[in-house]
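S.K.: This is the structure I want to talk about, given as structure tokens.
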Amino acid sequence: MNLTKTAVYEIVVWSTVVGVILTAFTGFCRTPFLNLIGVSYWGIPFAWLKRVVYPGASKEIIWQGLLLDVIIWILLSGIVLTLGILLKKKMINA
């Protein structure tokens with residue numbers, strides 16, 4: 001089954017939107033893989049937000065982790081959307 005150009009465009013746009021939103025939401029999740037005393041890391045699967053644990057401490061964005069998170073979530077959401085569209089087409093044509 002082939003996807004039309006419009007369907008591919010929609011998948012790219014929606015997966016980008018969903019990937020950015022999911023990355024933003026993972027900023028509220030503490031990274032379980034990094035445990036350093038006095039420092040907390042946020043973001044899943046890669047830590048992209050760092051905060052030293054004391055009152056008034058500012059947050060630091062780890063740009064490499066943020067970029068990797070966005071790319072991973074865009075790819076995963078693109079795969080899910082593509083599979084969903086293909087399965088929907090298969091069910092309609094069956």
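By order of appearance in the structure tokens: chains A, B, ..., then residues from 1 within every chain, and ligands from 1 in the order shown.
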Determine, counting only C-alpha atoms, which protein, DNA and RNA residues have an atom within 10 Å of an atom of Val52 (chain A); residues of the same chain fewer than 3 positions away are not included. Present the result as a PDB file with C-alpha atoms, in the first residue's frame.

M.R.:
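Everything below was put into out.pdb:
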ATOM      1  CA  LEU A  36      23.951  12.582  41.293  1.00  0.00           C
ATOM      2  CA  ILE A  37      23.826  14.026  44.776  1.00  0.00           C
ATOM      3  CA  GLY A  38      22.581  17.588  44.717  1.00  0.00           C
ATOM      4  CA  VAL A  39      21.611  17.612  41.024  1.00  0.00           C
ATOM      5  CA  SER A  40      18.348  16.522  39.430  1.00  0.00           C
ATOM      6  CA  TYR A  41      17.937  15.797  35.735  1.00  0.00           C
ATOM      7  CA  PRO A  55      16.315  27.000  46.945  1.00  0.00           C
ATOM      8  CA  GLY A  56      16.406  29.573  44.189  1.00  0.00           C
ATOM      9  CA  ALA A  57      18.566  27.493  41.851  1.00  0.00           C
ATOM     10  CA  SER A  58      18.003  28.127  38.172  1.00  0.00           C
ATOM     11  CA  LYS A  59      17.393  25.431  35.589  1.00  0.00           C
ATOM     12  CA  GLU A  60      19.905  24.702  32.841  1.00  0.00           C
TER      13      GLU A  60
END

S.K.: What lies within 12 Å of Val20 (chain A) using only C-alpha atoms, ignoring chain neighbours under 5 positions off, as a count of residues only?

M.R.: 18

S.K.: I'd like to know which residues of chain A are helix (DSSP H, G or I) (by DSSP, run on the backbone); could you write them as a PyMOL selection string?

M.R.: chain A and resi 5-26+63-93

S.K.: If you run DSSP over the backbone, which residues in chain A end up strand (DSSP E)? Put them as a PyMOL selection string.

M.R.: chain A and resi 39-42+49-52+59-61

S.K.: Figure out the distance between CA of Thr82 (chain A) and CA of Cys29 (chain A), please, to one decimal in Å.

M.R.: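 Between CA of Cys29 (chain A) and CA of Thr82 (chain A) the gap works out to 27.0 Å.
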
S.K.: Name all residues at most 12 Å from Thr4 (chain A) (count only C-alpha atoms; drop same-chain ones fewer than 2 positions away) and give them as a list in words.

M.R.: Met1, Asn2, Thr6, Ala7, Val8, Tyr9, Glu10, Ile11, Thr82, Ile85, Leu86 and Lys89 of chain A

S.K.: Could you please determine the separation between CA of Ile44 (chain A) and CA of Arg30 (chain A) in Å, to one decimal place?

M.R.: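 A separation of 7.7 Å between them.
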